[in-house]
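Participant: Structure file target-v2.txt, compact mmCIF, C-alpha atoms, is pasted below:
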# COMPACT_ATOMS: atom_id res chain seq x y z
CA MET A 579 55.62 141.05 289.73
CA GLN A 580 55.58 139.14 293.02
CA ASN A 581 54.72 141.06 296.17
CA LEU A 582 57.70 141.15 298.59
CA ASP A 583 55.44 139.94 301.39
CA ASP A 584 54.13 136.82 299.60
CA LYS A 585 57.24 134.83 300.54
CA LEU A 586 57.11 135.73 304.25
CA SER A 587 55.77 133.35 306.90
CA GLU A 588 53.13 134.59 309.34
CA GLU A 589 55.79 135.01 312.05
CA GLU A 590 58.03 136.97 309.66
CA LYS A 591 55.09 139.22 308.75
CA ARG A 592 54.32 139.79 312.45
CA VAL A 593 57.88 140.96 313.10
CA ILE A 594 58.92 142.60 309.81
CA LEU A 595 55.64 144.29 308.83
CA HIS A 596 53.97 144.83 312.21
CA LYS A 597 57.07 145.64 314.30
CA GLY A 598 56.89 142.55 316.48
CA THR A 599 59.74 140.92 318.37
CA GLU A 600 60.74 137.28 318.44
CA LYS A 601 61.28 135.61 321.81
CA PRO A 602 64.80 136.11 323.23
CA PHE A 603 67.25 133.23 322.69
CA SER A 604 64.88 131.62 320.15
CA GLY A 605 66.24 132.99 316.87
CA GLU A 606 68.29 130.88 314.49
CA TYR A 607 71.11 133.45 314.32
CA ASN A 608 71.51 134.24 318.02
CA ASN A 609 74.44 131.82 318.48
CA PHE A 610 75.43 131.54 314.81
CA TYR A 611 78.93 132.61 313.75
CA GLU A 612 79.73 131.65 310.15
CA ASP A 613 81.48 133.90 307.63
CA GLY A 614 79.11 135.77 305.37
CA ILE A 615 76.60 138.56 304.97
CA TYR A 616 73.19 139.04 306.57
CA VAL A 617 70.55 140.36 304.19
CA CYS A 618 67.01 141.64 304.65
CA LYS A 619 64.59 138.69 304.69
CA ARG A 620 61.99 140.81 302.87
CA CYS A 621 63.98 142.38 300.00
CA GLY A 622 67.47 140.82 300.04
CA VAL A 623 69.49 144.01 300.56
CA LYS A 624 72.83 143.53 302.37
CA LEU A 625 72.57 144.77 305.96
CA PHE A 626 75.37 143.36 308.16
CA ASP A 627 78.73 141.67 307.63
CA SER A 628 79.33 138.66 309.90
CA LYS A 629 82.63 140.29 310.95
CA THR A 630 80.57 142.85 312.91
CA LYS A 631 78.52 140.23 314.80
CA PHE A 632 79.26 139.71 318.49
CA SER A 633 77.78 137.99 321.52
CA SER A 634 76.05 140.52 323.75
CA GLY A 635 74.07 138.01 325.82
CA CYS A 636 70.83 139.86 325.07
CA GLY A 637 69.11 136.94 323.32
CA TRP A 638 69.11 138.37 319.80
CA PRO A 639 71.82 138.62 317.14
CA SER A 640 73.97 141.68 317.81
CA PHE A 641 76.03 143.65 315.29
CA ASP A 642 78.25 146.64 316.07
CA ASP A 643 78.10 148.12 312.57
CA GLU A 644 75.90 148.06 309.48
CA MET A 645 76.61 148.01 305.76
CA VAL A 646 76.91 151.53 304.33
CA ASP A 647 73.56 153.24 303.72
CA SER A 648 71.52 150.10 304.50
CA LEU A 649 69.50 151.16 307.55
CA GLU A 650 67.00 153.79 308.52
CA TYR A 651 66.83 154.93 312.15
CA VAL A 652 63.47 155.98 313.61
CA LYS A 653 62.60 157.01 317.17
CA ASP A 654 60.49 154.16 318.58
CA ALA A 655 56.90 154.73 319.70
CA ASP A 656 58.06 154.36 323.33
CA GLY A 657 60.23 157.47 322.87
CA LYS A 658 63.23 155.75 324.45
CA ARG A 659 64.58 153.34 321.88
CA THR A 660 65.66 153.77 318.26
CA GLU A 661 64.13 151.36 315.78
CA ILE A 662 66.16 150.07 312.84
CA LEU A 663 64.49 149.49 309.49
CA CYS A 664 65.77 148.23 306.16
CA LYS A 665 66.34 151.42 304.20
CA SER A 666 65.31 149.69 300.97
CA CYS A 667 61.93 148.17 301.92
CA GLY A 668 61.13 149.60 305.37
CA GLY A 669 61.04 146.20 307.07
CA HIS A 670 61.42 146.20 310.86
CA LEU A 671 64.74 144.69 311.95
CA GLY A 672 65.00 145.53 315.65
CA HIS A 673 66.61 148.36 317.65
CA VAL A 674 69.99 150.02 318.04
CA PHE A 675 71.51 150.89 321.40
CA LYS A 676 74.48 153.20 321.93
CA GLY A 677 76.87 153.76 324.81
CA GLU A 678 76.86 150.24 326.27
CA GLY A 679 80.59 149.69 325.75
CA PHE A 680 80.42 146.21 324.23
CA THR A 681 82.68 147.10 321.28
CA ASP A 682 84.84 149.94 319.97
CA THR A 683 81.94 151.32 317.90
CA ASN A 684 79.86 151.51 321.10
CA LYS A 685 76.77 150.41 319.14
CA ARG A 686 74.61 147.30 319.41
CA HIS A 687 72.19 146.59 316.61
CA CYS A 688 69.80 144.14 318.28
CA VAL A 689 68.18 142.27 315.37
CA ASN A 690 65.38 139.73 315.08
CA SER A 691 66.63 136.55 313.37
CA VAL A 692 63.36 136.29 311.42
CA SER A 693 64.07 139.69 309.83
CA ILE A 694 67.37 138.60 308.27
CA LYS A 695 68.83 135.81 306.17
CA PHE A 696 72.43 134.60 306.21
CA VAL A 697 74.33 134.27 302.92
CA LYS A 698 77.67 132.43 303.06
CA ARG A 699 80.55 134.53 301.78
CA ASP A 700 81.99 133.51 298.41
CA LYS A 701 85.57 132.33 298.85
In structure tokens, how does this file's structure come out?
Facilitator:
Amino acid sequence: MQNLDDKLSEEEKRVILHKGTEKPFSGEYNNFYEDGIYVCKRCGVKLFDSKTKFSSGCGWPSFDDEMVDSLEYVKDADGKRTEILCKSCGGHLGHVFKGEGFTDTNKRHCVNSVSIKFVKRDK
């Protein structure tokens, strides 16, 4: 059986396994708006529907809702932010922020592009 981490690049390992962050405005999905599903780069579990993606201007892909039962929320080491992890494999995705008023859900999942993969929706 292949190790989940064998297919990850060094940058993906730095972010997904070691809780790193990619540079703002550098990720492939920051200004990407096609119809489909975003899955965990590490294990392939469905995380976000493209219909929940919005432009927040923060420099990372932003989603105002997640797929049901796909994420784990953990208080960040800084004690101020809430980290989001893939519930299936524990891979680091980014952080969630609440109360900013960007959308009706009042949530912004701020996600590293290297932590996710886009899959075009079947028509």
Participant: I'd like the neighbourhood of Cys664 in chain A as a ChimeraX atom specification, where a residue qualifies if any of its atoms comes within 12 Å (using all atoms listed in the file), though same-chain residues fewer than 2 positions away should be ignored.
Facilitator: /A:594-595,616-626,644-652,661-662,666-673,689,693-694
Participant: Residues at most 9 Å from Ser691 in chain A, counting only C-alpha atoms, excluding those fewer than 4 positions away in the same chain, as a PyMOL selection string?
Facilitator: chain A and resi 600+604-608+638-639+671+695
Participant: So that I can check the surroundings of Asp642 in chain A, please list as a PyMOL selection string every protein, DNA and RNA residue that reaches within 10 Å of it, counting only C-alpha atoms and ignoring chain neighbours fewer than 5 positions away.
Facilitator: chain A and resi 626-627+629-632+674-676+680-688
Participant: Nearest to Tyr611 in chain A among A:Asp643, A:Ser633, A:Lys597, A:Lys591, with distances taken over all atoms listed in the file: which residue is it?
Facilitator: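 Residue with the minimum atom-to-atom distance to Tyr611 in chain A: A:Ser633.
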Participant: Could the centre and edge lengths of an axis-aligned box, enclosing all atoms of range 670-685 of chain A in the file with 5 Å extra on each side, be given in Å to one decimal as AutoDock Vina command-line options?
Facilitator:
--center_x 73.1 --center_y 149.2 --center_z 318.6 --size_x 33.4 --size_y 19.1 --size_z 25.4
Participant: Between CA of Asp654 in chain A and CA of Ser640 in chain A, measure the distance and give it in Å to one decimal.
Facilitator: 18.4 Å
Participant: Which residue is closest to Asn609 in chain A? Choose from A:Gly637, A:Lys653, A:Leu586, A:Arg659 and count all atoms listed in the file.
Facilitator: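 Result for the nearest residue to Asn609 in chain A: A:Gly637.
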Participant: Pick the closest to Lys698 in chain A from A:Asn581, A:Gly598, A:Glu612, A:Glu589: which is it, counting all atoms listed in the file?
Facilitator: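 Nearest candidate to Lys698 in chain A out of A:Asn581, A:Gly598, A:Glu612, A:Glu589: A:Glu612.
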Participant: Using CA of Ile615 in chain A and CA of Lys601 in chain A as the two end points, give the distance in Å to one decimal.
Facilitator: 23.0 Å
Participant: Could you check how far CA of Phe696 in chain A sits from CA of Glu590 in chain A, in Å to one decimal?
Facilitator: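 Separation between CA of Phe696 in chain A and CA of Glu590 in chain A: 15.0 Å.
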Participant: Kindly indicate which residue among A:Arg699, A:Lys665, A:His596, A:Lys585 lies nearest to Asp613 in chain A, using all atoms listed in the file for the distances.
Facilitator: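 Closest to Asp613 in chain A, using all atoms listed in the file: A:Arg699.
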Participant: Output requested as a JSON list (two decimals), in the frame of the given file - range 638-649 of chain A, filled out with all heavy atoms.
Facilitator:
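Saved the output as result03.json:
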[["chain", "number", "residue", "atom", "x", "y", "z"],
["A", 638, "TRP", "N", 69.33, 138.12, 321.22],
["A", 638, "TRP", "CA", 69.11, 138.37, 319.80],
["A", 638, "TRP", "C", 70.47, 138.58, 319.13],
["A", 638, "TRP", "O", 71.43, 138.99, 319.79],
["A", 638, "TRP", "CB", 68.25, 139.63, 319.58],
["A", 638, "TRP", "CG", 66.85, 139.47, 320.02],
["A", 638, "TRP", "CD1", 65.80, 138.95, 319.30],
["A", 638, "TRP", "CD2", 66.30, 139.84, 321.29],
["A", 638, "TRP", "NE1", 64.65, 138.97, 320.05],
["A", 638, "TRP", "CE2", 64.93, 139.51, 321.29],
["A", 638, "TRP", "CE3", 66.83, 140.39, 322.45],
["A", 638, "TRP", "CZ2", 64.09, 139.73, 322.37],
["A", 638, "TRP", "CZ3", 66.01, 140.61, 323.53],
["A", 638, "TRP", "CH2", 64.65, 140.28, 323.48],
["A", 639, "PRO", "N", 70.56, 138.33, 317.84],
["A", 639, "PRO", "CA", 71.82, 138.62, 317.14],
["A", 639, "PRO", "C", 72.20, 140.09, 317.33],
["A", 639, "PRO", "O", 71.34, 140.97, 317.24],
["A", 639, "PRO", "CB", 71.49, 138.34, 315.67],
["A", 639, "PRO", "CG", 70.32, 137.43, 315.71],
["A", 639, "PRO", "CD", 69.54, 137.81, 316.93],
["A", 640, "SER", "N", 73.48, 140.32, 317.59],
["A", 640, "SER", "CA", 73.97, 141.68, 317.81],
["A", 640, "SER", "C", 75.09, 141.99, 316.82],
["A", 640, "SER", "O", 75.97, 141.17, 316.61],
["A", 640, "SER", "CB", 74.51, 141.83, 319.23],
["A", 640, "SER", "OG", 73.48, 141.65, 320.18],
["A", 641, "PHE", "N", 75.03, 143.18, 316.25],
["A", 641, "PHE", "CA", 76.03, 143.65, 315.29],
["A", 641, "PHE", "C", 76.47, 145.04, 315.74],
["A", 641, "PHE", "O", 75.65, 145.86, 316.13],
["A", 641, "PHE", "CB", 75.44, 143.74, 313.88],
["A", 641, "PHE", "CG", 74.88, 142.44, 313.38],
["A", 641, "PHE", "CD1", 73.56, 142.08, 313.65],
["A", 641, "PHE", "CD2", 75.65, 141.57, 312.63],
["A", 641, "PHE", "CE1", 73.04, 140.88, 313.18],
["A", 641, "PHE", "CE2", 75.14, 140.37, 312.16],
["A", 641, "PHE", "CZ", 73.83, 140.02, 312.44],
["A", 642, "ASP", "N", 77.79, 145.32, 315.63],
["A", 642, "ASP", "CA", 78.25, 146.64, 316.07],
["A", 642, "ASP", "C", 78.40, 147.63, 314.92],
["A", 642, "ASP", "O", 78.77, 148.77, 315.14],
["A", 642, "ASP", "CB", 79.53, 146.55, 316.91],
["A", 642, "ASP", "CG", 80.78, 146.23, 316.12],
["A", 642, "ASP", "OD1", 80.69, 145.90, 314.93],
["A", 642, "ASP", "OD2", 81.86, 146.29, 316.72],
["A", 643, "ASP", "N", 78.07, 147.20, 313.71],
["A", 643, "ASP", "CA", 78.10, 148.12, 312.57],
["A", 643, "ASP", "C", 77.23, 147.56, 311.45],
["A", 643, "ASP", "O", 77.00, 146.36, 311.38],
["A", 643, "ASP", "CB", 79.54, 148.32, 312.08],
["A", 643, "ASP", "CG", 79.77, 149.68, 311.45],
["A", 643, "ASP", "OD1", 78.82, 150.49, 311.37],
["A", 643, "ASP", "OD2", 80.91, 149.94, 311.03],
["A", 644, "GLU", "N", 76.77, 148.44, 310.60],
["A", 644, "GLU", "CA", 75.90, 148.06, 309.48],
["A", 644, "GLU", "C", 76.62, 148.30, 308.16],
["A", 644, "GLU", "O", 77.63, 149.00, 308.12],
["A", 644, "GLU", "CB", 74.60, 148.86, 309.52],
["A", 644, "GLU", "CG", 74.72, 150.32, 309.18],
["A", 644, "GLU", "CD", 75.15, 151.21, 310.33],
["A", 644, "GLU", "OE1", 75.46, 150.73, 311.44],
["A", 644, "GLU", "OE2", 75.20, 152.43, 310.12],
["A", 645, "MET", "N", 76.09, 147.73, 307.09],
["A", 645, "MET", "CA", 76.61, 148.01, 305.76],
["A", 645, "MET", "C", 76.26, 149.47, 305.43],
["A", 645, "MET", "O", 75.23, 149.99, 305.88],
["A", 645, "MET", "CB", 75.98, 147.08, 304.71],
["A", 645, "MET", "CG", 76.16, 145.59, 305.01],
["A", 645, "MET", "SD", 77.84, 145.02, 304.86],
["A", 645, "MET", "CE", 77.89, 144.55, 303.17],
["A", 646, "VAL", "N", 77.09, 150.11, 304.66],
["A", 646, "VAL", "CA", 76.91, 151.53, 304.33],
["A", 646, "VAL", "C", 75.54, 151.78, 303.70],
["A", 646, "VAL", "O", 75.13, 151.08, 302.78],
["A", 646, "VAL", "CB", 78.04, 152.00, 303.37],
["A", 646, "VAL", "CG1", 77.79, 153.42, 302.91],
["A", 646, "VAL", "CG2", 79.39, 151.88, 304.04],
["A", 647, "ASP", "N", 74.83, 152.76, 304.25],
["A", 647, "ASP", "CA", 73.56, 153.24, 303.72],
["A", 647, "ASP", "C", 72.48, 152.16, 303.62],
["A", 647, "ASP", "O", 71.66, 152.17, 302.71],
["A", 647, "ASP", "CB", 73.79, 153.90, 302.35],
["A", 647, "ASP", "CG", 72.77, 154.98, 302.07],
["A", 647, "ASP", "OD1", 72.27, 155.61, 303.02],
["A", 647, "ASP", "OD2", 72.46, 155.20, 300.88],
["A", 648, "SER", "N", 72.48, 151.21, 304.57],
["A", 648, "SER", "CA", 71.52, 150.10, 304.50],
["A", 648, "SER", "C", 70.36, 150.24, 305.48],
["A", 648, "SER", "O", 69.33, 149.59, 305.30],
["A", 648, "SER", "CB", 72.24, 148.77, 304.77],
["A", 648, "SER", "OG", 72.77, 148.75, 306.09],
["A", 649, "LEU", "N", 70.52, 151.06, 306.51],
["A", 649, "LEU", "CA", 69.50, 151.16, 307.55],
["A", 649, "LEU", "C", 68.89, 152.54, 307.66],
["A", 649, "LEU", "O", 69.53, 153.54, 307.35],
["A", 649, "LEU", "CB", 70.12, 150.80, 308.92],
["A", 649, "LEU", "CG", 70.79, 149.44, 309.06],
["A", 649, "LEU", "CD1", 71.33, 149.28, 310.47],
["A", 649, "LEU", "CD2", 69.83, 148.32, 308.71]]
